[in-house]
Amino acid sequence: MTTKKQLTFGILIAFAAVLSLGITTTTTYAQQGKACPEGFQLNKGTCQAEPELTCDPYGVGPTRIELVDGECKHLSDYGPDCFEFQDRVIYDIFDDRCETDGQPVEASLPEDLTCRNDDPVIRIDNVWRCAFYEFLPAFEECALGTLNEESGLCEIKPGNNRA
């Protein structure tokens with residue numbers, strides 16, 4: 001006849017055996033290099049890595065935005081004025097000239113074009129534009145796994161090398 005003490009001891013031994021098997025399997029799997037994808041570190045049963053910074057969600061082409069020091073440097077522009085803001089004289093982007101009431105005005109481009117705030121006049125998409133840069137926050141992105149908002153890390157289960 002088994003006593004309550006012997007039964008409890010037997011359950012504890014069985015639990016320890018199952019736990020030991022799980023640890024051995026995970027350790028062996030990790031030793032074979034299959035636990036985490038490259039760049040990830042195993043931490044409490046989860047593979048973790050720092051997210052990458054990107055400017056892609058802004059939907060702006062690479063000639064207009066770039067990642068600089070953890071921020072997105074975005075090239076913005078606006079139309080220049082002709083001859084220091086003279087009345088009725090405008091820069092027509094379609095004809096690439098200064099004009100008044102649709103008639104060309106003698107101008108020396110880009111020298112006669114002006115911008116606010118000392119922004120430079122540059123050619124963008126084959127048109128004279130006033131250019132300036134604004135810095136926008138970069139987005140965190142995970143090439144593999146998913147971003148854990150709480151930890152701020154990309155996370156993936158061990159052995160899963162796909163997103």
# chains A, B, ... in the order shown; residues from 1 in each chain; ligands from 1

$ select_by_dssp --residues "region 24-139 of chain A" --states "alpha helix (DSSP H)" --output "PyMOL selection string"
chain A and resi 24-31

$ write_last_selection --atoms "C-alpha atoms" --output "mmCIF file, in the first residue's frame"
data_model
loop_
_atom_site.group_PDB
_atom_site.id
_atom_site.type_symbol
_atom_site.label_atom_id
_atom_site.label_comp_id
_atom_site.auth_asym_id
_atom_site.auth_seq_id
_atom_site.Cartn_x
_atom_site.Cartn_y
_atom_site.Cartn_z
ATOM 1 C CA THR A 24 17.978 19.309 -22.370
ATOM 2 C CA THR A 25 16.059 19.540 -25.669
ATOM 3 C CA THR A 26 16.155 23.364 -25.705
ATOM 4 C CA THR A 27 19.847 23.443 -24.769
ATOM 5 C CA THR A 28 20.736 20.843 -27.410
ATOM 6 C CA TYR A 29 18.703 22.762 -30.010
ATOM 7 C CA ALA A 30 20.492 26.000 -29.066
ATOM 8 C CA GLN A 31 23.901 24.304 -29.190
#

$ select_by_dssp --residues "region 19-162 of chain A" --states "strand (DSSP E or B)" --output "PyMOL selection string"
chain A and resi 41-43+46-49+52-54+65-68+71-78+81-82+90-92+97-100+103-104+113-114+121-124+127-137+139-141+146-148+153-156

$ closest_residue --among "A:Ala107, A:Ile156, A:Leu136, A:Leu53" --to "Glu38 (chain A)" --atoms "only C-alpha atoms"
A:Ile156

$ atom_distance --atom1 "CA of Cys36 (chain A)" --atom2 "CA of Ser151 (chain A)"
17.6 Å

$ residues_around --residues "Cys55 (chain A)" --least-positions-apart "3" --cutoff "7 Å" --atoms "only C-alpha atoms" --output "VMD selection string"
chain A and resid 58 66 to 67 72 138 to 139

$ atom_distance --atom1 "CA of Pro137 (chain A)" --atom2 "CA of Lys73 (chain A)"
9.0 Å

$ atom_distance --atom1 "CA of Cys115 (chain A)" --atom2 "CA of Gly102 (chain A)"
21.3 Å

$ closest_residue --among "A:Leu75, A:Glu52, A:Pro120, A:Trp128" --to "Cys98 (chain A)" --atoms "only C-alpha atoms"
A:Trp128

$ decode --residues "region 29-84 of chain A" --atoms "C-alpha atoms" --output "PDB file, in the first residue's frame"
ATOM      1  CA  TYR A  29      18.703  22.762 -30.010  1.00  0.00           C
ATOM      2  CA  ALA A  30      20.492  26.000 -29.066  1.00  0.00           C
ATOM      3  CA  GLN A  31      23.901  24.304 -29.190  1.00  0.00           C
ATOM      4  CA  GLN A  32      23.187  23.190 -32.752  1.00  0.00           C
ATOM      5  CA  GLY A  33      22.745  26.878 -33.670  1.00  0.00           C
ATOM      6  CA  LYS A  34      19.073  26.498 -34.559  1.00  0.00           C
ATOM      7  CA  ALA A  35      17.550  28.390 -31.658  1.00  0.00           C
ATOM      8  CA  CYS A  36      17.682  31.942 -32.975  1.00  0.00           C
ATOM      9  CA  PRO A  37      18.188  33.494 -36.406  1.00  0.00           C
ATOM     10  CA  GLU A  38      21.388  35.443 -37.048  1.00  0.00           C
ATOM     11  CA  GLY A  39      21.473  38.688 -35.068  1.00  0.00           C
ATOM     12  CA  PHE A  40      18.996  37.446 -32.441  1.00  0.00           C
ATOM     13  CA  GLN A  41      19.829  36.463 -28.862  1.00  0.00           C
ATOM     14  CA  LEU A  42      17.925  33.897 -26.825  1.00  0.00           C
ATOM     15  CA  ASN A  43      16.399  35.518 -23.735  1.00  0.00           C
ATOM     16  CA  LYS A  44      14.050  33.542 -21.472  1.00  0.00           C
ATOM     17  CA  GLY A  45      12.822  31.325 -24.303  1.00  0.00           C
ATOM     18  CA  THR A  46      12.369  34.107 -26.861  1.00  0.00           C
ATOM     19  CA  CYS A  47      14.780  35.241 -29.568  1.00  0.00           C
ATOM     20  CA  GLN A  48      15.230  39.020 -29.429  1.00  0.00           C
ATOM     21  CA  ALA A  49      17.018  41.630 -31.544  1.00  0.00           C
ATOM     22  CA  GLU A  50      17.114  45.393 -31.874  1.00  0.00           C
ATOM     23  CA  PRO A  51      14.700  46.689 -34.535  1.00  0.00           C
ATOM     24  CA  GLU A  52      15.982  48.488 -37.616  1.00  0.00           C
ATOM     25  CA  LEU A  53      15.140  52.133 -38.231  1.00  0.00           C
ATOM     26  CA  THR A  54      13.419  53.003 -41.502  1.00  0.00           C
ATOM     27  CA  CYS A  55      11.790  55.899 -43.328  1.00  0.00           C
ATOM     28  CA  ASP A  56       9.773  53.646 -45.677  1.00  0.00           C
ATOM     29  CA  PRO A  57       6.341  54.210 -44.061  1.00  0.00           C
ATOM     30  CA  TYR A  58       6.455  57.864 -45.197  1.00  0.00           C
ATOM     31  CA  GLY A  59       6.019  56.597 -48.777  1.00  0.00           C
ATOM     32  CA  VAL A  60       8.567  59.021 -50.183  1.00  0.00           C
ATOM     33  CA  GLY A  61      11.095  57.994 -52.820  1.00  0.00           C
ATOM     34  CA  PRO A  62      14.735  57.504 -51.806  1.00  0.00           C
ATOM     35  CA  THR A  63      15.810  60.735 -53.529  1.00  0.00           C
ATOM     36  CA  ARG A  64      13.544  62.680 -51.164  1.00  0.00           C
ATOM     37  CA  ILE A  65      14.228  60.986 -47.825  1.00  0.00           C
ATOM     38  CA  GLU A  66      17.142  59.320 -46.069  1.00  0.00           C
ATOM     39  CA  LEU A  67      17.953  57.987 -42.625  1.00  0.00           C
ATOM     40  CA  VAL A  68      20.462  60.256 -40.874  1.00  0.00           C
ATOM     41  CA  ASP A  69      21.475  59.805 -37.234  1.00  0.00           C
ATOM     42  CA  GLY A  70      18.275  57.954 -36.346  1.00  0.00           C
ATOM     43  CA  GLU A  71      15.947  60.476 -38.008  1.00  0.00           C
ATOM     44  CA  CYS A  72      14.416  60.773 -41.459  1.00  0.00           C
ATOM     45  CA  LYS A  73      15.852  63.738 -43.377  1.00  0.00           C
ATOM     46  CA  HIS A  74      13.033  64.686 -45.758  1.00  0.00           C
ATOM     47  CA  LEU A  75      13.587  67.008 -48.725  1.00  0.00           C
ATOM     48  CA  SER A  76      10.572  69.292 -49.116  1.00  0.00           C
ATOM     49  CA  ASP A  77      10.098  72.028 -51.668  1.00  0.00           C
ATOM     50  CA  TYR A  78       7.875  74.856 -52.846  1.00  0.00           C
ATOM     51  CA  GLY A  79       7.697  77.126 -55.857  1.00  0.00           C
ATOM     52  CA  PRO A  80      10.066  80.089 -56.013  1.00  0.00           C
ATOM     53  CA  ASP A  81       9.145  83.679 -56.696  1.00  0.00           C
ATOM     54  CA  CYS A  82      10.599  85.790 -59.498  1.00  0.00           C
ATOM     55  CA  PHE A  83      12.420  89.083 -58.903  1.00  0.00           C
ATOM     56  CA  GLU A  84      12.106  89.482 -55.143  1.00  0.00           C
TER      57      GLU A  84
END
